[in-house]
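start10.cif (mmCIF, C-alpha atoms and all ligand atoms)
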data_protein
loop_
_atom_site.group_PDB
_atom_site.id
_atom_site.type_symbol
_atom_site.label_atom_id
_atom_site.label_comp_id
_atom_site.auth_asym_id
_atom_site.auth_seq_id
_atom_site.Cartn_x
_atom_site.Cartn_y
_atom_site.Cartn_z
ATOM 1 C CA MET A 1 0.000 0.000 0.000
ATOM 2 C CA ASN A 2 1.470 3.392 -0.941
ATOM 3 C CA ILE A 3 -0.363 6.623 -0.213
ATOM 4 C CA ASP A 4 1.662 9.687 -1.110
ATOM 5 C CA GLY A 5 1.574 12.997 0.653
ATOM 6 C CA ALA A 6 3.415 15.987 -0.809
ATOM 7 C CA ASP A 7 6.719 14.859 0.710
ATOM 8 C CA TRP A 8 5.835 11.685 2.555
ATOM 9 C CA LEU A 9 4.502 8.230 1.887
ATOM 10 C CA ILE A 10 2.682 5.663 4.006
ATOM 11 C CA ARG A 11 3.551 2.001 3.878
ATOM 12 C CA ASP A 12 3.614 -1.110 6.039
ATOM 13 C CA TYR A 13 6.218 -1.404 8.778
ATOM 14 C CA ARG A 14 9.100 -3.724 7.855
ATOM 15 C CA PRO A 15 11.478 -5.443 10.348
ATOM 16 C CA ALA A 16 14.397 -3.437 8.902
ATOM 17 C CA ASP A 17 12.607 -0.250 10.064
ATOM 18 C CA GLU A 18 13.056 -1.027 13.739
ATOM 19 C CA GLY A 19 15.928 1.387 14.489
ATOM 20 C CA ALA A 20 14.315 4.279 12.607
ATOM 21 C CA TRP A 21 10.933 3.425 14.181
ATOM 22 C CA LEU A 22 12.429 3.632 17.700
ATOM 23 C CA ARG A 23 14.174 6.939 16.925
ATOM 24 C CA CYS A 24 11.002 8.481 15.507
ATOM 25 C CA ARG A 25 9.076 7.394 18.595
ATOM 26 C CA VAL A 26 11.630 8.953 20.963
ATOM 27 C CA LEU A 27 11.736 12.235 19.016
ATOM 28 C CA GLY A 28 7.960 12.371 18.719
ATOM 29 C CA PHE A 29 7.495 11.883 22.451
ATOM 30 C CA LEU A 30 10.181 14.398 23.438
ATOM 31 C CA ASP A 31 7.815 17.383 23.691
ATOM 32 C CA THR A 32 5.072 15.367 25.424
ATOM 33 C CA SER A 33 4.406 13.927 28.873
ATOM 34 C CA TYR A 34 5.752 10.616 27.495
ATOM 35 C CA TYR A 35 9.241 12.132 27.086
ATOM 36 C CA ASP A 36 10.953 9.453 29.199
ATOM 37 C CA ASP A 37 8.941 6.499 27.855
ATOM 38 C CA VAL A 38 11.821 5.102 25.805
ATOM 39 C CA LEU A 39 11.745 1.675 24.167
ATOM 40 C CA VAL A 40 14.822 -0.190 22.952
ATOM 41 C CA SER A 41 12.914 -2.699 20.836
ATOM 42 C CA LYS A 42 9.621 -2.453 19.008
ATOM 43 C CA PRO A 43 6.720 -4.259 20.686
ATOM 44 C CA ARG A 44 4.981 -6.824 18.490
ATOM 45 C CA HIS A 45 1.214 -6.865 18.252
ATOM 46 C CA ALA A 46 -0.200 -10.014 16.723
ATOM 47 C CA PRO A 47 -2.785 -9.769 15.440
ATOM 48 C CA GLY A 48 -2.273 -6.123 14.679
ATOM 49 C CA VAL A 49 -1.503 -3.408 12.149
ATOM 50 C CA GLY A 50 1.770 -1.513 11.803
ATOM 51 C CA LEU A 51 2.173 1.403 9.389
ATOM 52 C CA VAL A 52 4.886 4.014 8.979
ATOM 53 C CA ALA A 53 5.137 7.344 7.173
ATOM 54 C CA THR A 54 8.428 7.890 5.392
ATOM 55 C CA ALA A 55 10.116 10.980 3.988
ATOM 56 C CA GLY A 56 13.078 9.914 1.904
ATOM 57 C CA ASP A 57 14.889 7.298 3.953
ATOM 58 C CA ASP A 58 13.538 8.554 7.278
ATOM 59 C CA ILE A 59 10.554 7.370 9.242
ATOM 60 C CA VAL A 60 8.582 10.478 10.222
ATOM 61 C CA GLY A 61 5.410 8.897 11.575
ATOM 62 C CA LEU A 62 4.181 5.587 12.856
ATOM 63 C CA CYS A 63 0.994 3.919 13.954
ATOM 64 C CA ASP A 64 0.714 0.548 15.666
ATOM 65 C CA ALA A 65 -2.564 -1.107 16.605
ATOM 66 C CA SER A 66 -3.450 -4.379 18.267
ATOM 67 C CA ILE A 67 -6.600 -6.425 17.753
ATOM 68 C CA ASP A 68 -8.467 -8.469 20.328
ATOM 69 C CA GLU A 69 -11.440 -9.967 18.473
ATOM 70 C CA ALA A 70 -13.815 -7.048 17.794
ATOM 71 C CA SER A 71 -11.825 -4.584 19.924
ATOM 72 C CA ALA A 72 -8.765 -2.827 18.559
ATOM 73 C CA THR A 73 -6.366 -0.475 20.319
ATOM 74 C CA ILE A 74 -4.031 2.133 18.900
ATOM 75 C CA GLU A 75 -0.900 1.245 20.808
ATOM 76 C CA THR A 76 1.232 4.078 19.451
ATOM 77 C CA ILE A 77 0.729 6.987 17.075
ATOM 78 C CA VAL A 78 3.563 9.439 16.717
ATOM 79 C CA VAL A 79 4.603 12.009 14.128
ATOM 80 C CA HIS A 80 8.087 13.521 14.109
ATOM 81 C CA PRO A 81 7.898 17.128 15.418
ATOM 82 C CA ASP A 82 9.205 18.561 12.101
ATOM 83 C CA PHE A 83 6.412 16.854 10.124
ATOM 84 C CA ARG A 84 3.321 17.680 12.142
ATOM 85 C CA ARG A 85 0.114 19.327 10.909
ATOM 86 C CA ARG A 86 0.521 17.902 7.395
ATOM 87 C CA GLY A 87 -2.137 15.239 7.782
ATOM 88 C CA ILE A 88 0.315 12.387 8.412
ATOM 89 C CA ALA A 89 -1.354 11.132 11.617
ATOM 90 C CA HIS A 90 -4.754 11.521 9.927
ATOM 91 C CA ALA A 91 -3.630 9.333 7.020
ATOM 92 C CA LEU A 92 -2.006 6.811 9.359
ATOM 93 C CA VAL A 93 -5.126 6.403 11.491
ATOM 94 C CA GLN A 94 -7.484 6.304 8.488
ATOM 95 C CA HIS A 95 -5.564 3.478 6.878
ATOM 96 C CA THR A 96 -5.064 1.699 10.187
ATOM 97 C CA CYS A 97 -8.828 1.790 10.800
ATOM 98 C CA GLU A 98 -9.530 0.413 7.319
ATOM 99 C CA ARG A 99 -7.235 -2.526 8.092
ATOM 100 C CA LEU A 100 -8.824 -3.016 11.502
ATOM 101 C CA GLN A 101 -12.292 -3.091 9.952
ATOM 102 C CA ARG A 102 -11.156 -5.715 7.461
ATOM 103 C CA ALA A 103 -9.892 -7.757 10.421
ATOM 104 C CA ALA A 104 -13.436 -7.600 11.866
ATOM 105 C CA ALA A 105 -12.708 -5.050 14.591
ATOM 106 C CA THR A 106 -15.686 -2.879 15.403
ATOM 107 C CA THR A 107 -14.196 -0.507 17.941
ATOM 108 C CA VAL A 108 -10.814 1.137 18.306
ATOM 109 C CA ASP A 109 -9.568 2.788 21.438
ATOM 110 C CA ALA A 110 -6.391 4.574 22.501
ATOM 111 C CA TRP A 111 -4.920 5.709 25.766
ATOM 112 C CA THR A 112 -3.113 8.991 26.044
ATOM 113 C CA ARG A 113 -2.226 11.600 28.630
ATOM 114 C CA GLU A 114 -3.154 15.263 28.626
ATOM 115 C CA ASP A 115 -0.941 16.848 26.003
ATOM 116 C CA PRO A 116 -3.277 19.457 24.487
ATOM 117 C CA GLY A 117 -2.226 18.889 20.850
ATOM 118 C CA THR A 118 -2.766 15.152 21.171
ATOM 119 C CA LEU A 119 -6.180 15.580 22.798
ATOM 120 C CA ALA A 120 -7.143 18.030 20.036
ATOM 121 C CA TRP A 121 -5.990 15.540 17.424
ATOM 122 C CA TYR A 122 -8.026 12.644 18.879
ATOM 123 C CA GLN A 123 -11.074 14.902 19.038
ATOM 124 C CA ALA A 124 -10.496 16.050 15.441
ATOM 125 C CA GLU A 125 -10.391 12.377 14.414
ATOM 126 C CA GLY A 126 -13.763 11.741 16.049
ATOM 127 C CA PHE A 127 -12.635 9.941 19.206
ATOM 128 C CA SER A 128 -14.525 10.642 22.443
ATOM 129 C CA ALA A 129 -13.081 10.529 25.944
ATOM 130 C CA VAL A 130 -14.728 7.675 27.872
ATOM 131 C CA PHE A 131 -12.567 6.998 30.909
ATOM 132 C CA ARG A 132 -9.777 8.631 32.830
ATOM 133 C CA TYR A 133 -7.308 7.492 35.480
ATOM 134 C CA LEU A 134 -3.986 8.832 36.706
ATOM 135 C CA HIS A 135 -0.327 8.099 36.064
ATOM 136 C CA VAL A 136 1.696 9.172 39.101
ATOM 137 C CA TYR A 137 5.502 9.289 39.096
ATOM 138 C CA ALA A 138 7.603 9.505 42.215
ATOM 139 C CA SER A 139 10.485 11.574 40.844
ATOM 140 C CA THR A 140 12.321 12.790 43.940
ATOM 141 C CA PRO A 141 13.308 11.061 47.209
ATOM 142 C CA GLN A 142 10.609 13.118 48.952
ATOM 143 C CA GLU A 143 7.928 12.041 46.458
ATOM 144 C CA MET A 144 9.095 8.447 46.713
ATOM 145 C CA GLU A 145 8.725 8.585 50.489
ATOM 146 C CA ARG A 146 5.181 9.885 50.056
ATOM 147 C CA ALA A 147 4.441 7.141 47.531
ATOM 148 C CA THR A 148 5.779 4.285 49.647
ATOM 149 C CA THR A 149 3.954 5.383 52.784
ATOM 150 C CA PRO A 150 0.689 3.434 52.475
ATOM 151 C CA ARG A 151 -1.884 5.757 50.992
ATOM 152 C CA PRO A 152 -5.388 4.748 49.932
ATOM 153 C CA GLY A 153 -5.990 5.367 46.255
ATOM 154 C CA LEU A 154 -2.327 5.185 45.147
ATOM 155 C CA MET A 155 -1.675 1.975 43.210
ATOM 156 C CA PRO A 156 2.076 1.310 42.881
ATOM 157 C CA ARG A 157 3.188 0.815 39.264
ATOM 158 C CA ASN A 158 6.926 1.405 39.244
ATOM 159 C CA GLY A 159 9.644 3.198 41.144
ATOM 160 C CA HIS A 160 13.379 3.865 41.059
ATOM 161 C CA PHE A 161 15.410 3.029 44.156
ATOM 162 C CA HIS A 162 19.033 3.235 45.278
ATOM 163 C CA ALA A 163 20.528 0.376 47.327
ATOM 164 C CA TRP A 164 23.924 -0.632 48.716
ATOM 165 C CA GLU A 165 26.023 -3.391 47.126
ATOM 166 C CA SER A 166 25.617 -5.517 50.253
ATOM 167 C CA GLU A 167 21.965 -6.063 49.169
ATOM 168 C CA GLU A 168 22.821 -7.030 45.583
ATOM 169 C CA ALA A 169 22.246 -10.792 45.679
ATOM 170 C CA ILE A 170 18.819 -10.595 47.271
ATOM 171 C CA LEU A 171 17.746 -7.673 45.102
ATOM 172 C CA ARG A 172 18.747 -9.528 41.928
ATOM 173 C CA GLU A 173 16.582 -12.422 43.053
ATOM 174 C CA ARG A 174 13.597 -10.144 43.527
ATOM 175 C CA PHE A 175 13.865 -7.556 40.729
ATOM 176 C CA ASP A 176 14.478 -7.897 36.975
ATOM 177 C CA ARG A 177 16.172 -4.539 36.563
ATOM 178 C CA VAL A 178 19.111 -4.169 38.927
ATOM 179 C CA TYR A 179 22.058 -2.185 37.573
ATOM 180 C CA GLY A 180 25.423 -1.489 39.166
ATOM 181 C CA CYS A 181 26.101 2.235 39.035
ATOM 182 C CA ASN A 182 29.802 2.943 38.738
ATOM 183 C CA ARG A 183 31.679 6.095 39.543
ATOM 184 C CA PHE A 184 34.771 6.485 37.356
ATOM 185 C CA MET A 185 37.666 8.688 38.260
ATOM 186 C CA LYS A 186 41.197 9.265 37.171
ATOM 187 C CA ALA A 187 44.037 11.308 38.469
ATOM 188 C CA ILE A 188 44.968 14.208 36.269
HETATM 189 C C1 LIG B 201 -0.920 13.839 17.978
HETATM 190 C C2 LIG B 201 -0.060 13.712 16.725
HETATM 191 C C3 LIG B 201 0.142 12.228 16.398
HETATM 192 C C4 LIG B 201 -0.776 14.415 15.541
HETATM 193 O O1 LIG B 201 0.015 14.245 14.352
HETATM 194 P P1 LIG B 201 -0.132 15.218 13.073
HETATM 195 O O2 LIG B 201 0.360 14.471 11.888
HETATM 196 O O3 LIG B 201 0.512 16.515 13.368
HETATM 197 O O4 LIG B 201 -1.703 15.417 13.001
HETATM 198 P P2 LIG B 201 -2.592 15.808 11.692
HETATM 199 O O5 LIG B 201 -1.766 16.627 10.762
HETATM 200 O O6 LIG B 201 -3.208 14.547 11.179
HETATM 201 O O7 LIG B 201 -3.707 16.708 12.396
HETATM 202 C C5 LIG B 201 -5.056 16.607 12.020
HETATM 203 C C6 LIG B 201 -5.871 17.580 12.851
HETATM 204 O O8 LIG B 201 -5.753 17.262 14.257
HETATM 205 C C7 LIG B 201 -5.773 18.490 15.026
HETATM 206 N N1 LIG B 201 -4.462 18.733 15.627
HETATM 207 C C8 LIG B 201 -3.329 18.026 15.427
HETATM 208 N N2 LIG B 201 -2.315 18.523 16.192
HETATM 209 C C9 LIG B 201 -2.830 19.551 16.882
HETATM 210 C C10 LIG B 201 -2.288 20.479 17.811
HETATM 211 N N3 LIG B 201 -0.991 20.420 18.217
HETATM 212 N N4 LIG B 201 -3.105 21.423 18.342
HETATM 213 C C11 LIG B 201 -4.399 21.497 17.973
HETATM 214 N N5 LIG B 201 -4.971 20.658 17.060
HETATM 215 C C12 LIG B 201 -4.198 19.684 16.538
HETATM 216 C C13 LIG B 201 -6.071 19.598 14.016
HETATM 217 O O9 LIG B 201 -7.476 19.690 13.893
HETATM 218 C C14 LIG B 201 -5.448 19.027 12.744
HETATM 219 O O10 LIG B 201 -5.975 19.619 11.575
HETATM 220 P P3 LIG B 201 -5.338 21.021 11.060
HETATM 221 O O11 LIG B 201 -3.849 20.863 11.048
HETATM 222 O O12 LIG B 201 -5.937 21.163 9.702
HETATM 223 O O13 LIG B 201 -5.779 22.064 12.047
HETATM 224 C C15 LIG B 201 1.311 14.398 16.900
HETATM 225 O O14 LIG B 201 1.100 15.711 17.390
HETATM 226 C C16 LIG B 201 2.245 13.663 17.834
HETATM 227 O O15 LIG B 201 3.038 12.849 17.400
HETATM 228 N N6 LIG B 201 2.169 13.973 19.125
HETATM 229 C C17 LIG B 201 3.091 13.380 20.107
HETATM 230 C C18 LIG B 201 2.916 11.906 20.284
HETATM 231 C C19 LIG B 201 1.641 11.560 21.013
HETATM 232 O O16 LIG B 201 1.279 12.194 21.983
HETATM 233 N N7 LIG B 201 1.010 10.484 20.528
HETATM 234 C C20 LIG B 201 -0.190 9.966 21.134
HETATM 235 C C21 LIG B 201 0.058 9.046 22.275
HETATM 236 S S1 LIG B 201 0.503 7.433 21.762
#
Represent the structure contained in this file as structure tokens.
Amino acid sequence: MNIDGADWLIRDYRPADEGAWLRCRVLGFLDTSYYDDVLVSKPRHAPGVGLVATAGDDIVGLCDASIDEASATIETIVVHPDFRRRGIAHALVQHTCERLQRAAATTVDAWTREDPGTLAWYQAEGFSAVFRYLHVYASTPQEMERATTPRPGLMPRNGHFHAWESEEAILRERFDRVYGCNRFMKAI
């Protein structure tokens, strides 16, 4: 499938696109509340739909959707900041929805935070807000202390802790992501 814009083209995602796909996602999230949501490999959605917008050799937009019987979800839609307001996301979602319909999906949803441009875009595409919950980050030691003191209504999702090396063995048993943090020095 090729749908040309003035200086861009939409086509199916290919495995060789992965690096460019990840870079486009990072750059597209940089000015949003998802700025630190960085992936190092592309999630697979099967069954699903994966389209990209290209300009020359670069990926400048992407849309990934998953399908669960009649319900589909837009997992990611991102347009590179230098290519926005040219109808790329509109074309991506239109063609994604056509594919989803052909796969027998009857609804499509998406989850996003409160970035005004993104909300305006979803509304312009005819989506309606149906549910809202909160994402809460504990970003400082003080906030982390507040978060780890039992508090009704706060559902732990993730956190970032410091620990001493003496705890390493037990922490590696209990947590997937345990990194040594090394201080390097040299005499000059
Ligand atoms: C949201 C996003 C995908 C829109 O991409 P886009 O290609 O610029 O959108 P389009 O060109 O298809 O916009 C279509 C319409 O949506 C609305 N719209 C899009 N961006 C808007 C903005 N920043 N402010 C107000 N309205 C906006 C407008 O009505 C626009 O039509 P217009 O340009 O003729 O006024 C893009 O801004 C983006 O990548 N945002 C960051 C990533 C993100 O938050 N993704 C969603 C979470 S997964």
Contacts of chain A with ligand LIG 201 (chain B) up to 8 Å, shortest pair per row, only C-alpha atoms and all ligand atoms, as JSON lines:
{"residue": "A:Arg25", "atom": "CA", "partner": "B:LIG201", "partner_atom": "C18", "distance": 7.8}
{"residue": "A:Gly28", "atom": "CA", "partner": "B:LIG201", "partner_atom": "O15", "distance": 5.1}
{"residue": "A:Phe29", "atom": "CA", "partner": "B:LIG201", "partner_atom": "C18", "distance": 5.1}
{"residue": "A:Leu30", "atom": "CA", "partner": "B:LIG201", "partner_atom": "C17", "distance": 7.9}
{"residue": "A:Asp31", "atom": "CA", "partner": "B:LIG201", "partner_atom": "C17", "distance": 7.2}
{"residue": "A:Thr32", "atom": "CA", "partner": "B:LIG201", "partner_atom": "C17", "distance": 6.0}
{"residue": "A:Ser33", "atom": "CA", "partner": "B:LIG201", "partner_atom": "O16", "distance": 7.8}
{"residue": "A:Tyr34", "atom": "CA", "partner": "B:LIG201", "partner_atom": "O16", "distance": 7.3}
{"residue": "A:Gly61", "atom": "CA", "partner": "B:LIG201", "partner_atom": "O15", "distance": 7.4}
{"residue": "A:Ile74", "atom": "CA", "partner": "B:LIG201", "partner_atom": "S1", "distance": 7.5}
{"residue": "A:Glu75", "atom": "CA", "partner": "B:LIG201", "partner_atom": "S1", "distance": 6.4}
{"residue": "A:Thr76", "atom": "CA", "partner": "B:LIG201", "partner_atom": "S1", "distance": 4.1}
{"residue": "A:Ile77", "atom": "CA", "partner": "B:LIG201", "partner_atom": "S1", "distance": 4.7}
{"residue": "A:Val78", "atom": "CA", "partner": "B:LIG201", "partner_atom": "O15", "distance": 3.5}
{"residue": "A:Val79", "atom": "CA", "partner": "B:LIG201", "partner_atom": "O15", "distance": 3.7}
{"residue": "A:His80", "atom": "CA", "partner": "B:LIG201", "partner_atom": "O15", "distance": 6.1}
{"residue": "A:Pro81", "atom": "CA", "partner": "B:LIG201", "partner_atom": "O15", "distance": 6.8}
{"residue": "A:Phe83", "atom": "CA", "partner": "B:LIG201", "partner_atom": "O2", "distance": 6.7}
{"residue": "A:Arg84", "atom": "CA", "partner": "B:LIG201", "partner_atom": "O3", "distance": 3.3}
{"residue": "A:Arg85", "atom": "CA", "partner": "B:LIG201", "partner_atom": "O5", "distance": 3.3}
{"residue": "A:Arg86", "atom": "CA", "partner": "B:LIG201", "partner_atom": "O5", "distance": 4.3}
{"residue": "A:Gly87", "atom": "CA", "partner": "B:LIG201", "partner_atom": "O5", "distance": 3.3}
{"residue": "A:Ile88", "atom": "CA", "partner": "B:LIG201", "partner_atom": "O2", "distance": 4.1}
{"residue": "A:Ala89", "atom": "CA", "partner": "B:LIG201", "partner_atom": "O2", "distance": 3.8}
{"residue": "A:His90", "atom": "CA", "partner": "B:LIG201", "partner_atom": "O6", "distance": 3.6}
{"residue": "A:Ala91", "atom": "CA", "partner": "B:LIG201", "partner_atom": "O6", "distance": 6.7}
{"residue": "A:Ala110", "atom": "CA", "partner": "B:LIG201", "partner_atom": "S1", "distance": 7.5}
{"residue": "A:Trp111", "atom": "CA", "partner": "B:LIG201", "partner_atom": "C21", "distance": 6.9}
{"residue": "A:Thr112", "atom": "CA", "partner": "B:LIG201", "partner_atom": "C21", "distance": 4.9}
{"residue": "A:Arg113", "atom": "CA", "partner": "B:LIG201", "partner_atom": "C21", "distance": 7.2}
{"residue": "A:Asp115", "atom": "CA", "partner": "B:LIG201", "partner_atom": "O16", "distance": 6.5}
{"residue": "A:Pro116", "atom": "CA", "partner": "B:LIG201", "partner_atom": "N4", "distance": 6.5}
{"residue": "A:Gly117", "atom": "CA", "partner": "B:LIG201", "partner_atom": "N3", "distance": 3.3}
{"residue": "A:Thr118", "atom": "CA", "partner": "B:LIG201", "partner_atom": "C1", "distance": 3.9}
{"residue": "A:Leu119", "atom": "CA", "partner": "B:LIG201", "partner_atom": "C1", "distance": 7.3}
{"residue": "A:Ala120", "atom": "CA", "partner": "B:LIG201", "partner_atom": "N5", "distance": 4.5}
{"residue": "A:Trp121", "atom": "CA", "partner": "B:LIG201", "partner_atom": "O8", "distance": 3.6}
{"residue": "A:Tyr122", "atom": "CA", "partner": "B:LIG201", "partner_atom": "O8", "distance": 6.9}
{"residue": "A:Gln123", "atom": "CA", "partner": "B:LIG201", "partner_atom": "O8", "distance": 7.5}
{"residue": "A:Ala124", "atom": "CA", "partner": "B:LIG201", "partner_atom": "O9", "distance": 5.0}
{"residue": "A:Glu125", "atom": "CA", "partner": "B:LIG201", "partner_atom": "O8", "distance": 6.7}
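If only C-alpha atoms are the atoms counted, then among A:Val136, A:Leu62, A:Val52, A:Ala46 the closest residue to A:Ala103 is A:Ala46.
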### Non-local contacts of stretch 157-168 of chain A (10 Å; only C-alpha atoms; under 5 positions in same chain excluded) as a ChimeraX atom specification
/A:135-141,144,147-148,173-174,177-181
Grab the residues selected above and save them as a PDB file, in the coordinates of the input with C-alpha atoms.
ATOM      1  CA  HIS A 135      -0.327   8.099  36.064  1.00  0.00           C
ATOM      2  CA  VAL A 136       1.696   9.172  39.101  1.00  0.00           C
ATOM      3  CA  TYR A 137       5.502   9.289  39.096  1.00  0.00           C
ATOM      4  CA  ALA A 138       7.603   9.505  42.215  1.00  0.00           C
ATOM      5  CA  SER A 139      10.485  11.574  40.844  1.00  0.00           C
ATOM      6  CA  THR A 140      12.321  12.790  43.940  1.00  0.00           C
ATOM      7  CA  PRO A 141      13.308  11.061  47.209  1.00  0.00           C
ATOM      8  CA  MET A 144       9.095   8.447  46.713  1.00  0.00           C
ATOM      9  CA  ALA A 147       4.441   7.141  47.531  1.00  0.00           C
ATOM     10  CA  THR A 148       5.779   4.285  49.647  1.00  0.00           C
ATOM     11  CA  GLU A 173      16.582 -12.422  43.053  1.00  0.00           C
ATOM     12  CA  ARG A 174      13.597 -10.144  43.527  1.00  0.00           C
ATOM     13  CA  ARG A 177      16.172  -4.539  36.563  1.00  0.00           C
ATOM     14  CA  VAL A 178      19.111  -4.169  38.927  1.00  0.00           C
ATOM     15  CA  TYR A 179      22.058  -2.185  37.573  1.00  0.00           C
ATOM     16  CA  GLY A 180      25.423  -1.489  39.166  1.00  0.00           C
ATOM     17  CA  CYS A 181      26.101   2.235  39.035  1.00  0.00           C
TER      18      CYS A 181
END
### Task
Check what the PyMOL selection byres (((chain A and resi 13) around 7) and not hetatm) selects in the file above and give those residues as a list in words.
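Answer for the PyMOL selection byres (((chain A and resi 13) around 7) and not hetatm): Arg11, Asp12, Arg14, Pro15, Asp17, Gly50, Leu51 and Val52 of chain A.
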### Query
Quick one, how far is atom CA of A:Ala70 from atom CA of A:Ala104?
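Separating atom CA of A:Ala70 from atom CA of A:Ala104 is a distance of 6.0 Å.
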### Query
When you draw a straight line from atom CA of A:Thr96 to atom CA of A:Leu27, how long is it in Å?
21.7 Å
Residues matched by the PyMOL selection byres (((chain A and resi 55) around 10) and not hetatm), written as a PDB file with C-alpha atoms, in the coordinates of the input:
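See selection02.pdb below for the written result:
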ATOM      1  CA  ASP A   4       1.662   9.687  -1.110  1.00  0.00           C
ATOM      2  CA  GLY A   5       1.574  12.997   0.653  1.00  0.00           C
ATOM      3  CA  ALA A   6       3.415  15.987  -0.809  1.00  0.00           C
ATOM      4  CA  ASP A   7       6.719  14.859   0.710  1.00  0.00           C
ATOM      5  CA  TRP A   8       5.835  11.685   2.555  1.00  0.00           C
ATOM      6  CA  LEU A   9       4.502   8.230   1.887  1.00  0.00           C
ATOM      7  CA  ILE A  10       2.682   5.663   4.006  1.00  0.00           C
ATOM      8  CA  ALA A  53       5.137   7.344   7.173  1.00  0.00           C
ATOM      9  CA  THR A  54       8.428   7.890   5.392  1.00  0.00           C
ATOM     10  CA  GLY A  56      13.078   9.914   1.904  1.00  0.00           C
ATOM     11  CA  ASP A  57      14.889   7.298   3.953  1.00  0.00           C
ATOM     12  CA  ASP A  58      13.538   8.554   7.278  1.00  0.00           C
ATOM     13  CA  ILE A  59      10.554   7.370   9.242  1.00  0.00           C
ATOM     14  CA  VAL A  60       8.582  10.478  10.222  1.00  0.00           C
ATOM     15  CA  GLY A  61       5.410   8.897  11.575  1.00  0.00           C
ATOM     16  CA  PHE A  83       6.412  16.854  10.124  1.00  0.00           C
TER      17      PHE A  83
END
